[in-house]
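Participant: Pasting run09.cif below, which is mmCIF, C-alpha atoms, pLDDT in the B column; chains and numbers go by the auth columns.
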data_entry
#
loop_
_atom_site.group_PDB
_atom_site.id
_atom_site.type_symbol
_atom_site.label_atom_id
_atom_site.label_comp_id
_atom_site.label_asym_id
_atom_site.label_seq_id
_atom_site.Cartn_x
_atom_site.Cartn_y
_atom_site.Cartn_z
_atom_site.B_iso_or_equiv
_atom_site.auth_seq_id
_atom_site.auth_asym_id
ATOM 1 C CA THR A 1 -46.636 64.414 38.548 43.00 11 V
ATOM 2 C CA PHE A 2 -43.292 62.724 38.338 45.00 12 V
ATOM 3 C CA ASN A 3 -43.439 60.382 35.400 43.00 13 V
ATOM 4 C CA ARG A 4 -40.182 60.928 33.584 42.00 14 V
ATOM 5 C CA ASP A 5 -37.413 59.200 35.490 43.00 15 V
ATOM 6 C CA VAL A 6 -34.314 57.649 34.018 45.00 16 V
ATOM 7 C CA LYS A 7 -36.066 54.966 32.041 46.00 17 V
ATOM 8 C CA CYS A 8 -36.777 54.044 28.483 52.00 18 V
ATOM 9 C CA LEU A 9 -40.547 53.703 28.605 57.00 19 V
ATOM 10 C CA ALA A 10 -43.281 54.467 31.088 56.00 20 V
ATOM 11 C CA ALA A 11 -47.043 54.256 30.872 56.00 21 V
ATOM 12 C CA ASN A 12 -49.466 55.368 33.528 57.00 22 V
ATOM 13 C CA VAL A 13 -53.013 56.413 34.225 61.00 23 V
ATOM 14 C CA ASN A 14 -52.873 59.818 35.859 62.00 24 V
ATOM 15 C CA PRO A 15 -55.767 61.134 38.013 67.00 25 V
ATOM 16 C CA ALA A 16 -54.892 64.682 36.932 70.00 26 V
ATOM 17 C CA GLY A 17 -55.560 63.541 33.365 73.00 27 V
ATOM 18 C CA ILE A 18 -59.234 63.171 34.240 78.00 28 V
ATOM 19 C CA LEU A 19 -59.266 66.886 35.049 81.00 29 V
ATOM 20 C CA ASP A 20 -57.623 67.505 31.649 82.00 30 V
ATOM 21 C CA VAL A 21 -60.623 65.884 29.939 86.00 31 V
ATOM 22 C CA ILE A 22 -62.902 68.429 31.659 86.00 32 V
ATOM 23 C CA ASP A 23 -60.519 71.331 31.096 87.00 33 V
ATOM 24 C CA TYR A 24 -59.612 70.666 27.442 88.00 34 V
ATOM 25 C CA PHE A 25 -62.497 68.694 25.832 90.00 35 V
ATOM 26 C CA ASP A 26 -63.223 71.561 23.407 92.00 36 V
ATOM 27 C CA ARG A 27 -59.631 72.754 22.764 93.00 37 V
ATOM 28 C CA PRO A 28 -59.058 73.471 19.067 94.00 38 V
ATOM 29 C CA GLY A 29 -56.243 71.563 17.347 95.00 39 V
ATOM 30 C CA GLY A 30 -52.795 73.045 16.943 96.00 40 V
ATOM 31 C CA ALA A 31 -49.177 72.048 16.363 97.00 41 V
ATOM 32 C CA TYR A 32 -45.764 73.684 16.366 96.00 42 V
ATOM 33 C CA ALA A 33 -42.055 72.899 16.144 97.00 43 V
ATOM 34 C CA GLU A 34 -39.125 75.001 17.293 96.00 44 V
ATOM 35 C CA GLY A 35 -35.335 74.874 17.516 97.00 45 V
ATOM 36 C CA ALA A 36 -33.600 76.444 20.503 97.00 46 V
ATOM 37 C CA TYR A 37 -36.058 77.850 23.056 97.00 47 V
ATOM 38 C CA ALA A 38 -36.106 79.514 26.462 97.00 48 V
ATOM 39 C CA ASN A 39 -39.303 80.548 28.236 95.00 49 V
ATOM 40 C CA ALA A 40 -40.497 81.667 31.647 98.00 50 V
ATOM 41 C CA ASN A 41 -44.150 82.161 32.548 96.00 51 V
ATOM 42 C CA THR A 42 -46.604 82.335 35.437 97.00 52 V
ATOM 43 C CA TYR A 43 -50.373 82.035 35.280 94.00 53 V
ATOM 44 C CA ALA A 44 -53.436 81.336 37.379 95.00 54 V
ATOM 45 C CA TYR A 45 -56.821 80.279 36.019 91.00 55 V
ATOM 46 C CA GLY A 46 -60.104 78.943 37.238 87.00 56 V
ATOM 47 C CA PHE A 47 -63.818 78.796 36.661 89.00 57 V
ATOM 48 C CA THR A 48 -63.631 80.396 33.189 89.00 58 V
ATOM 49 C CA ASP A 49 -65.532 78.666 30.384 91.00 59 V
ATOM 50 C CA LYS A 50 -62.504 78.373 28.073 91.00 60 V
ATOM 51 C CA PRO A 51 -60.238 75.410 27.283 89.00 61 V
ATOM 52 C CA GLY A 52 -57.493 75.050 29.899 86.00 62 V
ATOM 53 C CA LYS A 53 -59.061 77.595 32.256 90.00 63 V
ATOM 54 C CA ARG A 54 -62.000 75.712 33.829 90.00 64 V
ATOM 55 C CA ILE A 55 -60.168 73.885 36.639 88.00 65 V
ATOM 56 C CA PRO A 56 -58.493 76.210 39.203 92.00 66 V
ATOM 57 C CA LYS A 57 -54.694 76.125 38.934 93.00 67 V
ATOM 58 C CA ALA A 58 -51.620 78.285 39.426 96.00 68 V
ATOM 59 C CA VAL A 59 -48.335 77.559 37.611 96.00 69 V
ATOM 60 C CA ALA A 60 -44.831 79.035 37.405 98.00 70 V
ATOM 61 C CA ILE A 61 -42.464 77.535 34.821 97.00 71 V
ATOM 62 C CA ALA A 62 -39.012 78.180 33.390 98.00 72 V
ATOM 63 C CA GLU A 63 -37.653 76.015 30.576 97.00 73 V
ATOM 64 C CA ALA A 64 -34.892 75.905 27.986 98.00 74 V
ATOM 65 C CA GLY A 65 -33.868 73.366 25.398 97.00 75 V
ATOM 66 C CA VAL A 66 -32.933 72.515 21.844 98.00 76 V
ATOM 67 C CA GLY A 67 -35.646 71.079 19.615 97.00 77 V
ATOM 68 C CA ARG A 68 -39.292 70.619 20.506 97.00 78 V
ATOM 69 C CA ALA A 69 -42.384 69.591 18.542 98.00 79 V
ATOM 70 C CA ARG A 70 -45.890 69.484 19.998 97.00 80 V
ATOM 71 C CA ALA A 71 -49.412 68.797 18.779 98.00 81 V
ATOM 72 C CA ALA A 72 -52.662 69.015 20.750 96.00 82 V
ATOM 73 C CA TRP A 73 -56.356 68.671 20.061 96.00 83 V
ATOM 74 C CA SER A 74 -59.081 68.350 22.671 94.00 84 V
ATOM 75 C CA PHE A 75 -57.535 66.308 25.513 91.00 85 V
ATOM 76 C CA PHE A 76 -55.067 64.517 23.196 94.00 86 V
ATOM 77 C CA GLU A 77 -51.426 65.647 23.209 95.00 87 V
ATOM 78 C CA ALA A 78 -48.111 64.508 21.738 97.00 88 V
ATOM 79 C CA GLU A 79 -44.679 66.047 22.285 96.00 89 V
ATOM 80 C CA ALA A 80 -41.052 65.289 21.414 96.00 90 V
ATOM 81 C CA LYS A 81 -38.087 67.152 22.932 95.00 91 V
ATOM 82 C CA GLY A 82 -34.350 67.228 22.490 96.00 92 V
ATOM 83 C CA PRO A 83 -31.964 68.143 25.341 97.00 93 V
ATOM 84 C CA ASN A 84 -33.798 70.357 27.834 96.00 94 V
ATOM 85 C CA ALA A 85 -34.114 71.515 31.425 97.00 95 V
ATOM 86 C CA SER A 86 -37.131 72.913 33.258 97.00 96 V
ATOM 87 C CA ALA A 87 -38.380 73.949 36.678 97.00 97 V
ATOM 88 C CA THR A 88 -42.090 74.028 37.503 97.00 98 V
ATOM 89 C CA ALA A 89 -44.122 74.920 40.583 98.00 99 V
ATOM 90 C CA GLN A 90 -47.852 74.305 40.413 95.00 100 V
ATOM 91 C CA ALA A 91 -50.953 73.951 42.518 96.00 101 V
ATOM 92 C CA ASN A 92 -54.432 72.746 41.586 92.00 102 V
ATOM 93 C CA ILE A 93 -57.401 71.165 43.329 89.00 103 V
ATOM 94 C CA LEU A 94 -55.565 67.803 43.520 87.00 104 V
ATOM 95 C CA GLY A 95 -52.386 69.093 45.215 92.00 105 V
ATOM 96 C CA ALA A 96 -49.112 70.940 44.694 96.00 106 V
ATOM 97 C CA SER A 97 -45.662 70.204 43.315 95.00 107 V
ATOM 98 C CA ALA A 98 -42.279 71.787 42.669 97.00 108 V
ATOM 99 C CA ILE A 99 -40.115 69.878 40.190 95.00 109 V
ATOM 100 C CA ALA A 100 -36.843 70.451 38.332 97.00 110 V
ATOM 101 C CA ARG A 101 -36.195 68.165 35.369 93.00 111 V
ATOM 102 C CA ALA A 102 -33.292 67.617 32.982 93.00 112 V
ATOM 103 C CA GLU A 103 -33.623 65.373 29.925 90.00 113 V
ATOM 104 C CA VAL A 104 -31.406 64.164 27.134 92.00 114 V
ATOM 105 C CA ALA A 105 -34.500 63.532 24.979 91.00 115 V
ATOM 106 C CA SER A 106 -38.127 62.485 25.421 89.00 116 V
ATOM 107 C CA ALA A 107 -41.336 61.748 23.591 90.00 117 V
ATOM 108 C CA SER A 108 -44.790 61.560 25.151 89.00 118 V
ATOM 109 C CA ALA A 109 -48.401 61.104 24.143 90.00 119 V
ATOM 110 C CA SER A 110 -51.528 61.392 26.255 89.00 120 V
ATOM 111 C CA ALA A 111 -55.266 60.922 25.917 89.00 121 V
ATOM 112 C CA GLY A 112 -56.866 62.284 29.085 84.00 122 V
ATOM 113 C CA PRO A 113 -55.760 60.119 32.014 82.00 123 V
ATOM 114 C CA LEU A 114 -53.629 57.727 29.893 84.00 124 V
ATOM 115 C CA LYS A 115 -50.034 58.853 29.284 82.00 125 V
ATOM 116 C CA VAL A 116 -47.070 57.119 27.652 82.00 126 V
ATOM 117 C CA THR A 117 -43.546 58.548 27.902 80.00 127 V
ATOM 118 C CA ALA A 118 -40.213 57.429 26.485 82.00 128 V
ATOM 119 C CA GLY A 119 -36.959 59.216 27.212 81.00 129 V
ATOM 120 C CA LEU A 120 -33.899 59.696 29.363 85.00 130 V
ATOM 121 C CA GLY A 121 -33.967 62.259 32.179 85.00 131 V
ATOM 122 C CA VAL A 122 -33.938 62.871 35.924 88.00 132 V
ATOM 123 C CA ASP A 123 -36.351 64.643 38.290 89.00 133 V
ATOM 124 C CA THR A 124 -35.729 66.525 41.508 95.00 134 V
ATOM 125 C CA GLY A 125 -38.628 67.814 43.554 96.00 135 V
ATOM 126 C CA VAL A 126 -41.616 67.189 45.735 96.00 136 V
ATOM 127 C CA ARG A 127 -45.282 66.412 45.044 94.00 137 V
ATOM 128 C CA VAL A 128 -48.067 66.224 47.616 95.00 138 V
ATOM 129 C CA GLY A 129 -51.798 65.976 47.181 91.00 139 V
ATOM 130 C CA LEU A 130 -54.926 63.834 47.205 86.00 140 V
ATOM 131 C CA GLY A 131 -53.163 61.130 45.162 80.00 141 V
ATOM 132 C CA GLY A 132 -50.223 60.752 47.599 89.00 142 V
ATOM 133 C CA ALA A 133 -46.740 62.187 48.056 94.00 143 V
ATOM 134 C CA GLU A 134 -43.344 61.856 46.423 93.00 144 V
ATOM 135 C CA VAL A 135 -39.860 63.271 47.041 95.00 145 V
ATOM 136 C CA LYS A 136 -36.898 62.887 44.644 93.00 146 V
ATOM 137 C CA LEU A 137 -33.344 64.168 44.306 93.00 147 V
ATOM 138 C CA LEU A 138 -31.690 63.465 40.949 90.00 148 V
ATOM 139 C CA GLY A 139 -34.074 60.576 40.313 85.00 149 V
ATOM 140 C CA THR A 140 -33.573 59.082 43.797 90.00 150 V
ATOM 141 C CA GLY A 141 -36.441 59.150 46.262 91.00 151 V
ATOM 142 C CA ILE A 142 -39.589 57.659 47.734 93.00 152 V
ATOM 143 C CA LYS A 143 -43.278 57.806 46.908 90.00 153 V
ATOM 144 C CA ALA A 144 -46.563 56.708 48.398 90.00 154 V
ATOM 145 C CA ASP A 145 -49.614 57.141 46.198 82.00 155 V
ATOM 146 C CA GLU A 146 -52.761 55.460 44.891 76.00 156 V
ATOM 147 C CA THR A 147 -50.640 52.834 43.105 72.00 157 V
ATOM 148 C CA GLY A 148 -48.658 51.819 46.218 78.00 158 V
ATOM 149 C CA VAL A 149 -45.282 52.551 47.803 86.00 159 V
ATOM 150 C CA GLY A 150 -42.044 52.851 45.833 85.00 160 V
ATOM 151 C CA VAL A 151 -38.342 53.667 46.019 87.00 161 V
ATOM 152 C CA SER A 152 -36.205 55.032 43.156 83.00 162 V
ATOM 153 C CA VAL A 153 -32.427 55.121 42.903 82.00 163 V
ATOM 154 C CA LEU A 154 -30.966 57.216 40.084 74.00 164 V
ATOM 155 C CA GLY A 155 -34.242 56.921 38.202 68.00 165 V
ATOM 156 C CA SER A 156 -34.666 53.167 38.412 70.00 166 V
ATOM 157 C CA GLY A 157 -37.264 52.062 40.893 73.00 167 V
ATOM 158 C CA VAL A 158 -39.225 49.362 42.583 76.00 168 V
ATOM 159 C CA SER A 159 -42.724 49.664 43.952 73.00 169 V
ATOM 160 C CA CYS A 160 -45.247 47.556 45.796 76.00 170 V
ATOM 161 C CA ALA A 161 -48.931 47.824 44.942 67.00 171 V
ATOM 162 C CA ILE A 162 -51.208 48.127 47.944 67.00 172 V
ATOM 163 C CA MET A 163 -54.579 46.551 47.216 57.00 173 V
#
Using C-alpha cells, write down the structure from this file.

Facilitator:
Amino acid sequence: TFNRDVKCLAANVNPAGILDVIDYFDRPGGAYAEGAYANANTYAYGFTDKPGKRIPKAVAIAEAGVGRARAAWSFFEAEAKGPNASATAQANILGASAIARAEVASASASAGPLKVTAGLGVDTGVRVGLGGAEVKLLGTGIKADETGVGVSVLGSGVSCAIM
C-alpha cells in the first residue's frame, strides 16, 4: 500500500496487516543493521506452513540505499532507513500494486494491521484491489478506498471519509 508520502508522520490500520498476523504469527525474532545496500529479488509463495509463506503472494523488488536497521518478531516489525530508492511489484489475494519510492529517511513500526511511519519521501505507482484503488506520480494522485476518497499533491493530501 501507499503509506509513505511526503509527510512527517502517518498512522493507519492496513487490511493487509491482518494477513500478516496469519502469515507471521510464529516468525522467530531477528534483527540486522547494514550500511550501503543494493538488492534485487523475486519470489512467490503460498499455502506452505512456514512464516511468511502461508498467504499466496508474488513479489519482485529492487532497492538501494545507505543505512538500514530492521527488527522483526512474530507480526511485529520496526525499521529505520537512510536515503534510499526502491521499486516493487506485488500481487496477493487482496490485489496488486507496482510502486517506485524514493526517501530521504524513514522510520516505521507495525503490529499486524496497525502501522506508524515517519519520514520524507515520494511514491509513484498504482494499487488496485479489494480495498480500493490509488494512482500517484511523484506523490501527486488520487485514491478511493475503504477509508474514503482522497487527492494528494506533492505528497500532501486531503481526503473525505465515506461512512

Participant: Residues near V:Thr52, anyone? I mean within 9 Å using only C-alpha atoms, not counting same-chain ones fewer than 2 positions away, as a list of chain:residue names.

Facilitator: V:Ala50, V:Ala54, V:Ala68, V:Val69, V:Ala70, V:Ile71, V:Ala72

Participant: Kindly indicate which residue among V:Asp33, V:Glu89, V:Asp133, V:Glu156 lies nearest to V:Gly62, using all atoms listed in the file for the distances.

Facilitator: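 Closest to V:Gly62 of all the choices is V:Asp33.
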
Participant: Using all atoms listed in the file, which residues sit within 7 Å of V:Tyr47 once same-chain residues fewer than 5 positions away are excluded, as a list in words?

Facilitator: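 Counting only the stated atoms, we get Ala74, Gly75 and Val76 of chain V.
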
Participant: One decimal, in Å: what's the spacing between atom CA of V:Gly139 and atom CA of V:Ile65?

Facilitator: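 Interatomic distance, atom CA of V:Gly139 to atom CA of V:Ile65: 15.6 Å.
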
Participant: What would the selection look like, as a list of chain:residue names, if the PyMOL selection byres ((chain V and resi 31) around 8) were run on the coordinates I just shared?

Facilitator: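 Those residues are V:Gly27, V:Ile28, V:Leu29, V:Asp30, V:Ile32, V:Asp33, V:Tyr34, V:Phe35, V:Ser84, V:Phe85, V:Gly122, V:Pro123.
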
Participant: From the set V:Ala99, V:Ala121, V:Ala112, V:Cys170, which residue has the shortest atom-to-atom contact distance to V:Arg137, counting all atoms listed in the file?

Facilitator: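 Going through V:Ala99, V:Ala121, V:Ala112, V:Cys170 one by one, the smallest distance to V:Arg137 is for V:Ala99.
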
Participant: To one decimal in Å, tell me the separation between atom CA of V:Ala46 and atom CA of V:Ser96.

Facilitator: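 Between these atoms lies a distance of 13.7 Å.
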
Participant: Given the point (-33.5, 61.7, 45.9) in the coordinates of this file, which residues lie within 12 Å, counting all atoms listed in the file, and how would they look as a PyMOL selection string?

Facilitator: chain V and resi 15+109+132-136+144-153+161-167

Participant: To one decimal in Å, tell me the separation between atom CA of V:Arg64 and atom CA of V:Thr127.

Facilitator: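 About the pair atom CA of V:Arg64 and atom CA of V:Thr127: they are 25.9 Å apart.
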
Participant: Could you list, as a list in words, every residue matched by the PyMOL selection byres ((chain V and resi 93) around 7) in this structure?

Facilitator: Gly75, Val76, Lys91, Gly92, Asn94, Glu113, Val114 and Ala115 of chain V

Participant: With all atoms listed in the file as the counted atoms, please give the residues lying no more than 9 Å from V:Leu140, apart from itself and same-chain residues fewer than 6 positions off, as an MDAnalysis selection string.

Facilitator: chainID V and resid 103:105 155:156
